[in-house]
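One structure below.
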2 protein chains.
Amino acid sequence: VPDLRLLPTAALARAYRRALLGNARLLDYSDPRGDEELRRAIAEMLSSVRGVAAPPEAIMITRGSQQGLYLVGRALLQPGDTVAVEAIGYPPAWEALRQGGARLAAVPVDREGLDVDALAALAARETVRAVYVTPHHQYPTTVSMSPARRLRLLELAQRHRMMVLEDDYDHEFHYAGRPLLPLASMDKHGVVIYLGTLSKLLAPGLRIGYVAAPPPVLRALAAHRAIIDHHGDQVVERALALMLEDGEVQRHARRAVKIYRMRRDLVCEALRRSVPALQFEPPAGGLAVWARAPRVDVDAWVTRARDAGVAVQSSSPFVFEGRAPGCLRIGFAACNERELAEAVRRLARAMPPRGKG
Amino acid sequence: VPDLRLLPTAALARAYRRALLGNARLLDYSDPRGDEELRRAIAEMLSSVRGVAAPPEAIMITRGSQQGLYLVGRALLQPGDTVAVEAIGYPPAWEALRQGGARLAAVPVDREGLDVDALAALAARETVRAVYVTPHHQYPTTVSMSPARRLRLLELAQRHRMMVLEDDYDHEFHYAGRPLLPLASMDKHGVVIYLGTLSKLLAPGLRIGYVAAPPPVLRALAAHRAIIDHHGDQVVERALALMLEDGEVQRHARRAVKIYRMRRDLVCEALRRSVPALQFEPPAGGLAVWARAPRVDVDAWVTRARDAGVAVQSSSPFVFEGRAPGCLRIGFAACNERELAEAVRRLARAMPPRGKG
């Protein structure tokens with residue numbers, strides 16, 4: 001999770017006020033696709049920073065990317081449809097995608113992200129209606145999908161008329177040079193449904209995400225969204241539009257990237273020094289380190305760390321099926337330098353004895 | 001809809017600010033049941049004003065009552081379950097209740113509300129898993145369910161283990177003496193799932209509703225809610241909690257009730273004078289008049305009124321099945337005196353010629 005202490009809450013409070021005063025109609029019933037001004041601001045951000053050319057009409061605001069995925073699951077997928085997912089990934093997304101009766105099939109993930117050859121083999125055997133991917137920083141392993149795989153994935157999707165559900169949940173947080181642009185930026189055939197969120201960039205509690213997709217897809221999502229909760233909260237949507245227009249969000253992003261890069265460096269150094277049992281590459285982006293812990297019972301480690309006041313995650317809950325790889329996911333963004341140093345000390349002390357090789 | 005011009009927006013902006021500053025954890029991931037302080041404030045309101053003894057643990061905040069109904073449809077109803085609904089009622093509720101595969105069956109509504117004898121006959125023929133009702137001011141006909149029917153409905157529900165989905169969407173807006181208390185206040189056997197909202201009391205755009213139900217029911221709803229959008233927006237939830245604790249909401253309600261009562265009297269008088277073709281009783285509460293228009297094509301009237309800048313609704317879209325009763329629903333709350341007088345003039349002029357008797 002991001003460090004909520006970095007948030008410009010005073011600016012957010014001002015933005016609420018500006019949104020609200022003189023705009024009583026923001027409190028009326030409204031469009032299930034969300035506030036027009038926020039859709040415009042998101043469109044501008046997507047085209048200027050991420051190379052995604054989606055006009056406001058092709059964008060819908062959702063209650064976090066979770067609602068976007070839920071809408072896909074309910075409005076676009078039919079009972080019995082096969083959806084490919086990353087074999088190690090994000091369970092709440094799987095749960096959302098299952099809500100229309102889709103069957104999920106796992107595709108392996110390696111150091112280049114989703115194994116597109118394995119997906120191709122699956123698609124040769126049966127109709128795969130959609131594939132859910134996190135190419136920017138694969139969740140939870142943090143790897144970026146290689147450019148070659150990206151091209152191959154889009155080509156495969158186009159050939160099989162497979163929807164690519166691209167979850168780009170932390171685009172801004174890339175530390176090593178310029179990030180690769182999203183799959184959606186290279187999508188010439190309208191196969192990508194692009195899901196973004198302000199949960200990592202600003203705060204999870206705002207519950208603001210968005211979907212960029214071809215208008216017929218968006219219409220289907222909006223129709224179902226109207227049944228769930230009519231529409232979003234236009235006051236917070238307009239407040240965030242104002243903060244994007246004023247550059248407040250962008251300023252916050254630049255500041256947060258600098259701080260998180262420092263924290264990444266610091267946690268990697270401290271882990272190397274104090275927890276030699278962990279094997280990892282410093283992540284090129286994101287808010288966590290993914291580390292292998294050979295011959296260590298990581299689930300026991302997580303429990304012992306929690307008892308010592310340190311929250312880390314084991315790979316077990318992220319595994320779709322089969323054996324967990326025995327890894328730890330160590331979030332570093334929410335802790336300052338002092339807290340990180342202390343957390344790594346406690347994590348080292350909490351490590352259970354190593355088993356035989 | 002309510003008159004958004006009456007809203008204390010400055011107080012709301014202050015409440016956002018108070019909620020936000022010094023409470024950054026409101027922006028973190030949180031409980032799918034909603035902000036604890038708002039649940040406490042709603043519990044206090046339900047017990048002190050509506051006679052409903054629901055502790056905060058038995059309350060869940062939703063994105064309007066629509067999401068509450070959607071959750072019931074998805075989490076409590078199974079494919080093939082029968083749900084009884086008012087034969088003239090609220091289509092978005094029906095749509096939500098259908099989302100888990102339930103089959104809806106219409107039960108007639110008359111001047112005492114839902115015909116409980118007809119429901120009893122239905123329940124004798126087949127298992128009725130739930131009944132959706134608007135007993136306070138039946139939507140859209142505005143009638144209040146009689147005390148005798150309320151008792152009989154609860155007794156029937158208990159006997160058949162039928163859930164009573166009580167949608168109490170405009171409790172505060174009652175003009176004729178003390179309102180009857182909700183079914184939930186008389187529910188000794190935990191058969192009622194009580195749905196409320198701040199959409200009419202404050203504003204639809206806030207998308208804040210709530211469900212009061214026995215804890216096991218609430219757990220099932222919360223589990224599904226986590227899949228839809230994780231949880232609500234705690235900033236607006238906390239802001240509304242502060243406004244309830246400060247009595248701002250209650251002050252607004254008292255002021256709005258006075259104004260709406262005046263507007264009701266005014267519109268009824270103007271309609272009697274200028275549109276004698278309409279037959280109606282002044283509603284005891286709510287934000288609209290329900291009027292019969294014998295021998296008039298009400299759908300044509302609605303279109304002609306819209307062309308003249310006046311929004312009224314025909315009974316047609318509210319009918320579950322069968323013939324529409326040829327009524328108009330005339331909302332009066334959102335217009336001030338001058339606007340109401342002008343609207344009634346235009347409505348009178350827009351009336352199509354009457355057909356033969």
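Every chain in the structure tokens takes a letter, A first, then B, and so on in the order presented; its residues are numbered from 1, and the ligands are numbered from 1 following the presented order.
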
Note to self: I'd like the contact shell of His136 (chain A) - 8 Å cut-off, only C-alpha atoms, skipping same-chain residues fewer than 5 positions apart - returned as a ChimeraX atom specification.
What the structure shows: /A:143-145,168,170-171,179-180,182

Specify as a CSV table (one decimal) with all heavy atoms, in the first residue's frame all residues of chain A found within 7 Å of chain B, counting only C-alpha atoms.
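Everything below was put into iface_13.csv:
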chain,number,residue,atom,x,y,z
A,4,LEU,N,0.1,6.8,3.2
A,4,LEU,CA,-1.0,7.8,3.2
A,4,LEU,C,-0.5,9.1,3.9
A,4,LEU,O,-1.1,10.1,3.7
A,4,LEU,CB,-2.2,7.2,4.0
A,4,LEU,CG,-2.7,6.0,3.3
A,4,LEU,CD1,-3.8,5.3,4.2
A,4,LEU,CD2,-3.3,6.3,1.9
A,5,ARG,N,0.6,9.0,4.6
A,5,ARG,CA,1.1,10.3,5.2
A,5,ARG,C,1.7,11.3,4.2
A,5,ARG,O,1.8,12.4,4.5
A,5,ARG,CB,2.2,9.9,6.2
A,5,ARG,CG,1.7,9.1,7.4
A,5,ARG,CD,2.8,8.6,8.2
A,5,ARG,NE,3.6,7.6,7.5
A,5,ARG,CZ,4.6,6.8,8.1
A,5,ARG,NH1,4.8,6.9,9.4
A,5,ARG,NH2,5.3,6.0,7.3
A,9,THR,N,-3.6,15.9,1.8
A,9,THR,CA,-4.9,15.9,2.3
A,9,THR,C,-5.6,17.3,2.3
A,9,THR,O,-6.8,17.4,2.1
A,9,THR,CB,-5.1,15.2,3.7
A,9,THR,OG1,-4.0,15.7,4.5
A,9,THR,CG2,-5.0,13.7,3.6
A,10,ALA,N,-4.7,18.3,2.6
A,10,ALA,CA,-5.3,19.7,2.7
A,10,ALA,C,-5.8,20.1,1.3
A,10,ALA,O,-6.8,20.6,1.1
A,10,ALA,CB,-4.2,20.6,3.2
A,13,ALA,N,-9.0,18.3,0.6
A,13,ALA,CA,-10.1,18.9,1.3
A,13,ALA,C,-10.5,20.2,0.6
A,13,ALA,O,-11.7,20.4,0.4
A,13,ALA,CB,-9.7,19.2,2.8
A,16,TYR,N,-12.5,19.0,-2.5
A,16,TYR,CA,-13.9,18.7,-2.2
A,16,TYR,C,-14.7,20.0,-2.1
A,16,TYR,O,-15.8,20.0,-2.7
A,16,TYR,CB,-13.9,18.0,-0.8
A,16,TYR,CG,-13.7,16.5,-0.8
A,16,TYR,CD1,-12.6,16.0,-0.1
A,16,TYR,CD2,-14.6,15.7,-1.4
A,16,TYR,CE1,-12.5,14.6,0.0
A,16,TYR,CE2,-14.4,14.3,-1.4
A,16,TYR,CZ,-13.3,13.8,-0.7
A,16,TYR,OH,-13.2,12.4,-0.6
A,17,ARG,N,-14.2,20.9,-1.4
A,17,ARG,CA,-14.9,22.2,-1.2
A,17,ARG,C,-15.2,22.9,-2.5
A,17,ARG,O,-16.4,23.3,-2.8
A,17,ARG,CB,-14.1,23.1,-0.3
A,17,ARG,CG,-14.8,24.3,0.2
A,17,ARG,CD,-13.9,25.2,1.0
A,17,ARG,NE,-14.7,26.4,1.3
A,17,ARG,CZ,-15.6,26.5,2.1
A,17,ARG,NH1,-16.0,25.5,2.9
A,17,ARG,NH2,-16.3,27.7,2.3
A,20,LEU,N,-17.8,21.0,-4.5
A,20,LEU,CA,-19.2,21.0,-3.9
A,20,LEU,C,-19.9,22.4,-4.0
A,20,LEU,O,-21.0,22.4,-4.4
A,20,LEU,CB,-19.0,20.6,-2.5
A,20,LEU,CG,-20.3,20.1,-1.8
A,20,LEU,CD1,-20.9,19.0,-2.5
A,20,LEU,CD2,-19.9,19.7,-0.4
A,21,LEU,N,-19.1,23.4,-3.7
A,21,LEU,CA,-19.8,24.7,-3.6
A,21,LEU,C,-20.2,25.2,-5.0
A,21,LEU,O,-19.3,25.3,-5.9
A,21,LEU,CB,-18.9,25.7,-2.9
A,21,LEU,CG,-18.6,25.3,-1.4
A,21,LEU,CD1,-17.9,26.4,-0.7
A,21,LEU,CD2,-19.9,24.9,-0.7
A,24,ALA,N,-24.3,22.1,-6.9
A,24,ALA,CA,-25.3,21.2,-6.2
A,24,ALA,C,-25.7,20.0,-7.2
A,24,ALA,O,-26.0,18.9,-6.7
A,24,ALA,CB,-26.5,21.9,-5.7
A,26,LEU,N,-24.0,18.1,-8.8
A,26,LEU,CA,-23.1,17.0,-8.6
A,26,LEU,C,-23.7,16.0,-7.6
A,26,LEU,O,-23.3,14.8,-7.5
A,26,LEU,CB,-21.7,17.3,-8.1
A,26,LEU,CG,-20.8,18.1,-9.0
A,26,LEU,CD1,-19.5,18.4,-8.4
A,26,LEU,CD2,-20.6,17.3,-10.3
A,27,LEU,N,-24.7,16.5,-6.8
A,27,LEU,CA,-25.4,15.6,-5.8
A,27,LEU,C,-26.7,15.0,-6.3
A,27,LEU,O,-27.4,14.4,-5.6
A,27,LEU,CB,-25.7,16.5,-4.6
A,27,LEU,CG,-24.4,16.9,-3.8
A,27,LEU,CD1,-24.7,18.0,-2.8
A,27,LEU,CD2,-23.7,15.7,-3.2
A,28,ASP,N,-26.9,15.2,-7.6
A,28,ASP,CA,-28.2,14.6,-8.2
A,28,ASP,C,-27.8,13.3,-8.8
A,28,ASP,O,-26.7,12.8,-8.9
A,28,ASP,CB,-28.7,15.6,-9.3
A,28,ASP,CG,-30.2,15.4,-9.5
A,28,ASP,OD1,-30.7,14.5,-9.0
A,28,ASP,OD2,-30.7,16.3,-10.2
A,29,TYR,N,-28.8,12.6,-9.3
A,29,TYR,CA,-28.6,11.4,-10.0
A,29,TYR,C,-27.8,11.7,-11.3
A,29,TYR,O,-27.9,12.8,-11.8
A,29,TYR,CB,-29.9,10.7,-10.5
A,29,TYR,CG,-30.7,10.0,-9.4
A,29,TYR,CD1,-31.9,10.5,-8.9
A,29,TYR,CD2,-30.1,8.9,-8.8
A,29,TYR,CE1,-32.5,9.9,-7.8
A,29,TYR,CE2,-30.8,8.2,-7.8
A,29,TYR,CZ,-32.0,8.7,-7.3
A,29,TYR,OH,-32.7,8.1,-6.3
A,63,ARG,N,-15.6,2.2,-9.1
A,63,ARG,CA,-15.2,2.2,-7.7
A,63,ARG,C,-14.0,1.3,-7.5
A,63,ARG,O,-14.0,0.1,-7.1
A,63,ARG,CB,-16.3,1.6,-6.8
A,63,ARG,CG,-17.7,2.1,-7.0
A,63,ARG,CD,-17.9,3.4,-6.3
A,63,ARG,NE,-19.3,3.7,-6.1
A,63,ARG,CZ,-19.8,4.8,-5.5
A,63,ARG,NH1,-18.9,5.7,-5.1
A,63,ARG,NH2,-21.0,5.1,-5.4
A,64,GLY,N,-12.8,1.9,-7.9
A,64,GLY,CA,-11.6,1.1,-7.9
A,64,GLY,C,-11.6,0.1,-9.1
A,64,GLY,O,-12.6,-0.1,-9.8
A,66,GLN,N,-11.3,-2.9,-8.9
A,66,GLN,CA,-12.1,-4.1,-8.5
A,66,GLN,C,-13.5,-4.0,-9.1
A,66,GLN,O,-13.9,-5.0,-9.7
A,66,GLN,CB,-12.2,-4.1,-6.9
A,66,GLN,CG,-13.0,-5.4,-6.4
A,66,GLN,CD,-12.2,-6.7,-6.6
A,66,GLN,OE1,-11.0,-6.7,-6.8
A,66,GLN,NE2,-12.9,-7.8,-6.7
A,67,GLN,N,-14.1,-2.9,-9.1
A,67,GLN,CA,-15.5,-2.8,-9.7
A,67,GLN,C,-15.4,-3.0,-11.2
A,67,GLN,O,-16.3,-3.5,-11.8
A,67,GLN,CB,-16.2,-1.5,-9.3
A,67,GLN,CG,-17.7,-1.6,-9.7
A,67,GLN,CD,-18.4,-0.3,-9.4
A,67,GLN,OE1,-18.0,0.8,-9.7
A,67,GLN,NE2,-19.6,-0.4,-8.9
A,70,TYR,N,-15.2,-6.6,-11.8
A,70,TYR,CA,-16.5,-7.2,-11.4
A,70,TYR,C,-17.5,-7.0,-12.6
A,70,TYR,O,-18.2,-7.9,-13.0
A,70,TYR,CB,-17.0,-6.6,-10.1
A,70,TYR,CG,-18.3,-7.2,-9.6
A,70,TYR,CD1,-18.3,-8.3,-8.8
A,70,TYR,CD2,-19.6,-6.7,-10.1
A,70,TYR,CE1,-19.5,-8.9,-8.3
A,70,TYR,CE2,-20.7,-7.3,-9.6
A,70,TYR,CZ,-20.7,-8.4,-8.7
A,70,TYR,OH,-21.8,-8.9,-8.3
A,92,PRO,N,-8.5,-11.4,-5.5
A,92,PRO,CA,-9.8,-10.7,-5.7
A,92,PRO,C,-10.2,-10.4,-7.1
A,92,PRO,O,-11.4,-10.4,-7.4
A,92,PRO,CB,-9.5,-9.3,-5.0
A,92,PRO,CG,-8.4,-9.7,-4.0
A,92,PRO,CD,-7.5,-10.7,-4.7
A,95,GLU,N,-11.9,-13.6,-8.3
A,95,GLU,CA,-13.2,-13.7,-7.7
A,95,GLU,C,-14.2,-12.9,-8.5
A,95,GLU,O,-15.3,-13.3,-8.8
A,95,GLU,CB,-13.2,-13.3,-6.2
A,95,GLU,CG,-14.2,-13.9,-5.3
A,95,GLU,CD,-14.4,-15.4,-5.5
A,95,GLU,OE1,-13.4,-16.1,-5.3
A,95,GLU,OE2,-15.5,-15.8,-5.8
A,96,ALA,N,-13.8,-11.7,-8.9
A,96,ALA,CA,-14.7,-10.8,-9.6
A,96,ALA,C,-15.0,-11.4,-11.0
A,96,ALA,O,-16.1,-11.4,-11.5
A,96,ALA,CB,-14.0,-9.4,-9.8
A,203,ALA,N,-4.7,6.9,-3.0
A,203,ALA,CA,-5.1,6.2,-1.8
A,203,ALA,C,-6.2,5.2,-2.1
A,203,ALA,O,-7.1,5.5,-2.9
A,203,ALA,CB,-5.7,7.2,-0.7
A,204,PRO,N,-6.1,4.0,-1.5
A,204,PRO,CA,-7.1,2.9,-1.8
A,204,PRO,C,-8.5,3.4,-1.3
A,204,PRO,O,-9.5,3.0,-2.0
A,204,PRO,CB,-6.6,1.7,-0.9
A,204,PRO,CG,-5.2,2.0,-0.6
A,204,PRO,CD,-5.0,3.5,-0.6
A,205,GLY,N,-8.6,4.1,-0.3
A,205,GLY,CA,-9.9,4.5,0.3
A,205,GLY,C,-10.7,5.4,-0.6
A,205,GLY,O,-11.9,5.5,-0.4
A,206,LEU,N,-10.1,6.0,-1.6
A,206,LEU,CA,-10.9,6.9,-2.5
A,206,LEU,C,-11.8,6.0,-3.4
A,206,LEU,O,-12.8,6.5,-3.9
A,206,LEU,CB,-10.0,7.8,-3.3
A,206,LEU,CG,-9.3,8.8,-2.5
A,206,LEU,CD1,-8.2,9.5,-3.4
A,206,LEU,CD2,-10.2,9.9,-2.0
A,207,ARG,N,-11.4,4.8,-3.6
A,207,ARG,CA,-12.2,3.8,-4.4
A,207,ARG,C,-12.5,4.5,-5.8
A,207,ARG,O,-13.6,4.5,-6.2
A,207,ARG,CB,-13.5,3.4,-3.8
A,207,ARG,CG,-13.4,2.9,-2.4
A,207,ARG,CD,-12.5,1.6,-2.1
A,207,ARG,NE,-12.7,0.6,-3.1
A,207,ARG,CZ,-11.6,0.1,-3.8
A,207,ARG,NH1,-10.4,0.5,-3.6
A,207,ARG,NH2,-11.8,-0.9,-4.6
A,227,ILE,N,-27.2,-1.1,-12.5
A,227,ILE,CA,-28.0,-2.0,-11.6
A,227,ILE,C,-27.3,-2.1,-10.3
A,227,ILE,O,-28.0,-2.3,-9.2
A,227,ILE,CB,-28.1,-3.4,-12.3
A,227,ILE,CG1,-28.7,-3.3,-13.7
A,227,ILE,CG2,-28.9,-4.4,-11.4
A,227,ILE,CD1,-28.7,-4.6,-14.5
A,228,ILE,N,-26.0,-2.1,-10.2
A,228,ILE,CA,-25.3,-2.3,-9.0
A,228,ILE,C,-25.5,-1.1,-8.0
A,228,ILE,O,-25.8,-1.3,-6.8
A,228,ILE,CB,-23.8,-2.5,-9.2
A,228,ILE,CG1,-23.5,-3.8,-10.0
A,228,ILE,CG2,-23.0,-2.5,-7.9
A,228,ILE,CD1,-22.0,-4.0,-10.3
A,229,ASP,N,-25.2,0.1,-8.4
A,229,ASP,CA,-25.3,1.2,-7.5
A,229,ASP,C,-25.6,2.5,-8.3
A,229,ASP,O,-25.2,3.6,-7.8
A,229,ASP,CB,-24.0,1.3,-6.7
A,229,ASP,CG,-22.7,1.6,-7.6
A,229,ASP,OD1,-22.9,1.6,-8.8
A,229,ASP,OD2,-21.6,1.8,-7.0
A,233,ASP,N,-19.8,8.5,-7.0
A,233,ASP,CA,-19.9,9.7,-6.1
A,233,ASP,C,-19.3,10.9,-6.9
A,233,ASP,O,-18.1,10.9,-7.0
A,233,ASP,CB,-19.2,9.5,-4.8
A,233,ASP,CG,-19.2,10.7,-3.9
A,233,ASP,OD1,-19.2,11.8,-4.4
A,233,ASP,OD2,-19.1,10.5,-2.7
A,234,GLN,N,-20.1,11.7,-7.5
A,234,GLN,CA,-19.6,12.8,-8.4
A,234,GLN,C,-18.8,13.8,-7.6
A,234,GLN,O,-18.0,14.5,-8.2
A,234,GLN,CB,-20.7,13.5,-9.1
A,234,GLN,CG,-21.2,12.7,-10.3
A,234,GLN,CD,-22.0,13.6,-11.2
A,234,GLN,OE1,-21.6,13.8,-12.3
A,234,GLN,NE2,-23.1,14.1,-10.7

Next item on the list: Skip Met351 (chain B) itself and residues of its chain fewer than 2 positions away, then list as number ranges by chain all residues within 9 Å of it, counting only C-alpha atoms.
Entry: B: 275, 296-298, 300-302, 304-305, 346-349, 353-354

How would the residues just picked look written out with N, CA, C and O atoms as a PDB file, in the first residue's frame?
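Result file follows (selection.pdb):
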ATOM      1  N   VAL B 275     -56.251  21.386 -13.180  1.00  0.00           N
ATOM      2  CA  VAL B 275     -56.275  20.130 -13.938  1.00  0.00           C
ATOM      3  C   VAL B 275     -57.366  19.220 -13.378  1.00  0.00           C
ATOM      4  O   VAL B 275     -57.086  18.173 -12.778  1.00  0.00           O
ATOM      5  N   VAL B 296     -57.579   9.680 -20.319  1.00  0.00           N
ATOM      6  CA  VAL B 296     -56.501  10.485 -20.908  1.00  0.00           C
ATOM      7  C   VAL B 296     -55.331   9.553 -21.222  1.00  0.00           C
ATOM      8  O   VAL B 296     -55.016   8.657 -20.433  1.00  0.00           O
ATOM      9  N   ASP B 297     -54.720   9.751 -22.382  1.00  0.00           N
ATOM     10  CA  ASP B 297     -53.528   8.986 -22.744  1.00  0.00           C
ATOM     11  C   ASP B 297     -52.345   9.578 -21.967  1.00  0.00           C
ATOM     12  O   ASP B 297     -51.730  10.559 -22.392  1.00  0.00           O
ATOM     13  N   VAL B 298     -52.027   8.971 -20.813  1.00  0.00           N
ATOM     14  CA  VAL B 298     -51.021   9.583 -19.933  1.00  0.00           C
ATOM     15  C   VAL B 298     -49.624   9.559 -20.550  1.00  0.00           C
ATOM     16  O   VAL B 298     -48.813  10.454 -20.296  1.00  0.00           O
ATOM     17  N   ALA B 300     -48.870   9.977 -23.682  1.00  0.00           N
ATOM     18  CA  ALA B 300     -48.803  11.140 -24.576  1.00  0.00           C
ATOM     19  C   ALA B 300     -48.673  12.426 -23.761  1.00  0.00           C
ATOM     20  O   ALA B 300     -47.922  13.337 -24.110  1.00  0.00           O
ATOM     21  N   TRP B 301     -49.394  12.469 -22.658  1.00  0.00           N
ATOM     22  CA  TRP B 301     -49.358  13.653 -21.791  1.00  0.00           C
ATOM     23  C   TRP B 301     -47.930  13.894 -21.283  1.00  0.00           C
ATOM     24  O   TRP B 301     -47.413  15.022 -21.305  1.00  0.00           O
ATOM     25  N   VAL B 302     -47.271  12.812 -20.834  1.00  0.00           N
ATOM     26  CA  VAL B 302     -45.906  12.918 -20.312  1.00  0.00           C
ATOM     27  C   VAL B 302     -44.965  13.480 -21.384  1.00  0.00           C
ATOM     28  O   VAL B 302     -44.151  14.363 -21.114  1.00  0.00           O
ATOM     29  N   ARG B 304     -45.797  15.287 -24.052  1.00  0.00           N
ATOM     30  CA  ARG B 304     -46.130  16.692 -24.335  1.00  0.00           C
ATOM     31  C   ARG B 304     -45.662  17.603 -23.201  1.00  0.00           C
ATOM     32  O   ARG B 304     -45.212  18.721 -23.449  1.00  0.00           O
ATOM     33  N   ALA B 305     -45.777  17.110 -21.966  1.00  0.00           N
ATOM     34  CA  ALA B 305     -45.315  17.911 -20.824  1.00  0.00           C
ATOM     35  C   ALA B 305     -43.797  18.093 -20.908  1.00  0.00           C
ATOM     36  O   ALA B 305     -43.276  19.185 -20.682  1.00  0.00           O
ATOM     37  N   ARG B 346     -48.355  24.622 -17.159  1.00  0.00           N
ATOM     38  CA  ARG B 346     -47.897  23.965 -18.393  1.00  0.00           C
ATOM     39  C   ARG B 346     -48.440  22.544 -18.508  1.00  0.00           C
ATOM     40  O   ARG B 346     -48.782  22.080 -19.592  1.00  0.00           O
ATOM     41  N   LEU B 347     -48.522  21.846 -17.360  1.00  0.00           N
ATOM     42  CA  LEU B 347     -49.051  20.477 -17.371  1.00  0.00           C
ATOM     43  C   LEU B 347     -50.503  20.488 -17.857  1.00  0.00           C
ATOM     44  O   LEU B 347     -50.921  19.636 -18.650  1.00  0.00           O
ATOM     45  N   ALA B 348     -51.257  21.458 -17.371  1.00  0.00           N
ATOM     46  CA  ALA B 348     -52.665  21.571 -17.778  1.00  0.00           C
ATOM     47  C   ALA B 348     -52.766  21.794 -19.286  1.00  0.00           C
ATOM     48  O   ALA B 348     -53.563  21.149 -19.978  1.00  0.00           O
ATOM     49  N   ARG B 349     -51.918  22.710 -19.779  1.00  0.00           N
ATOM     50  CA  ARG B 349     -51.956  23.010 -21.221  1.00  0.00           C
ATOM     51  C   ARG B 349     -51.522  21.819 -22.072  1.00  0.00           C
ATOM     52  O   ARG B 349     -51.954  21.670 -23.213  1.00  0.00           O
ATOM     53  N   PRO B 353     -56.372  15.660 -25.624  1.00  0.00           N
ATOM     54  CA  PRO B 353     -57.848  15.578 -25.554  1.00  0.00           C
ATOM     55  C   PRO B 353     -58.273  14.266 -24.890  1.00  0.00           C
ATOM     56  O   PRO B 353     -57.634  13.233 -25.086  1.00  0.00           O
ATOM     57  N   ARG B 354     -59.348  14.322 -24.090  1.00  0.00           N
ATOM     58  CA  ARG B 354     -59.818  13.096 -23.423  1.00  0.00           C
ATOM     59  C   ARG B 354     -60.562  12.207 -24.394  1.00  0.00           C
ATOM     60  O   ARG B 354     -61.287  12.690 -25.267  1.00  0.00           O
TER      61      ARG B 354
END

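Of the residues in region 54-129 of chain B, those given alpha helix (DSSP H) by DSSP on the backbone are B:Gly64, B:Ser65, B:Gln66, B:Gln67, B:Gly68, B:Leu69, B:Tyr70, B:Leu71, B:Pro91, B:Pro92, B:Ala93, B:Trp94, B:Glu95, B:Ala96, B:Leu97, B:Val116, B:Asp117, B:Ala118, B:Leu119, B:Ala120, B:Ala121, B:Leu122, B:Ala123, B:Ala124, B:Arg125.
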
Next item on the list: Find the residues around Ile61 (chain B) up to 7 Å (only C-alpha atoms counted), leave out those fewer than 2 positions away in its own chain, and share them as a PyMOL selection string.
Entry: chain B and resi 33-34+39+59+208-211

Saved selection, atoms kept: N, CA, C and O atoms, as an mmCIF file, in the first residue's frame:
data_model
loop_
_atom_site.group_PDB
_atom_site.id
_atom_site.type_symbol
_atom_site.label_atom_id
_atom_site.label_comp_id
_atom_site.auth_asym_id
_atom_site.auth_seq_id
_atom_site.Cartn_x
_atom_site.Cartn_y
_atom_site.Cartn_z
ATOM 1 N N ARG B 33 -18.238 -3.377 5.522
ATOM 2 C CA ARG B 33 -19.509 -2.968 6.131
ATOM 3 C C ARG B 33 -19.611 -1.451 6.304
ATOM 4 O O ARG B 33 -20.650 -0.938 6.668
ATOM 5 N N GLY B 34 -18.493 -0.747 6.058
ATOM 6 C CA GLY B 34 -18.566 0.709 6.122
ATOM 7 C C GLY B 34 -17.972 1.290 7.385
ATOM 8 O O GLY B 34 -17.624 0.568 8.328
ATOM 9 N N ARG B 39 -21.955 3.838 11.005
ATOM 10 C CA ARG B 39 -22.848 2.750 11.409
ATOM 11 C C ARG B 39 -23.430 3.031 12.796
ATOM 12 O O ARG B 39 -24.607 2.747 13.059
ATOM 13 N N ILE B 59 -25.577 -3.361 11.144
ATOM 14 C CA ILE B 59 -25.781 -2.354 10.095
ATOM 15 C C ILE B 59 -24.606 -2.355 9.124
ATOM 16 O O ILE B 59 -23.450 -2.499 9.526
ATOM 17 N N ILE B 208 -25.307 6.998 -0.520
ATOM 18 C CA ILE B 208 -25.130 6.375 0.785
ATOM 19 C C ILE B 208 -26.465 5.782 1.233
ATOM 20 O O ILE B 208 -27.449 6.500 1.410
ATOM 21 N N GLY B 209 -26.465 4.474 1.388
ATOM 22 C CA GLY B 209 -27.614 3.777 1.921
ATOM 23 C C GLY B 209 -27.144 2.859 3.034
ATOM 24 O O GLY B 209 -25.959 2.845 3.375
ATOM 25 N N TYR B 210 -28.067 2.091 3.585
ATOM 26 C CA TYR B 210 -27.667 1.167 4.637
ATOM 27 C C TYR B 210 -28.647 0.003 4.697
ATOM 28 O O TYR B 210 -29.789 0.105 4.235
ATOM 29 N N VAL B 211 -28.162 -1.084 5.248
ATOM 30 C CA VAL B 211 -28.981 -2.270 5.452
ATOM 31 C C VAL B 211 -28.892 -2.613 6.932
ATOM 32 O O VAL B 211 -27.795 -2.604 7.498
#

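Look at Arg159 (chain B): the protein and nucleic acid residues within 12 Å of it, using only C-alpha atoms and passing over chain neighbours fewer than 3 places away, are Ala120, Ala123, Ala124, Thr127, Val128, Arg129, Arg152, Leu153, Leu154, Glu155, Leu156, Met162, Met163, His189 and Val191 of chain B.
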
Note to self: Using only C-alpha atoms, which protein or nucleic acid residues come within 12 Å of region 251-265 of chain A? Drop anything in the same chain fewer than 4 positions from it, and give the result as a ChimeraX atom specification.
What the structure shows: /A:1-9,11-12,170-177,198,200-203,243-247,269-272,281-290,330-341

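In this model, the gap between CA of Arg238 (chain A) and CA of Ala311 (chain B) comes to 26.8 Å.
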
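The residue set within 10 Å of Pro55 (chain A), counting only C-alpha atoms and dropping same-chain residues fewer than 5 places from it, reads Arg39, Arg40, Ile42, Ala43, Glu44, Leu46, Ser47, Ala212, Ala213, Pro214 and Pro215 of chain A.
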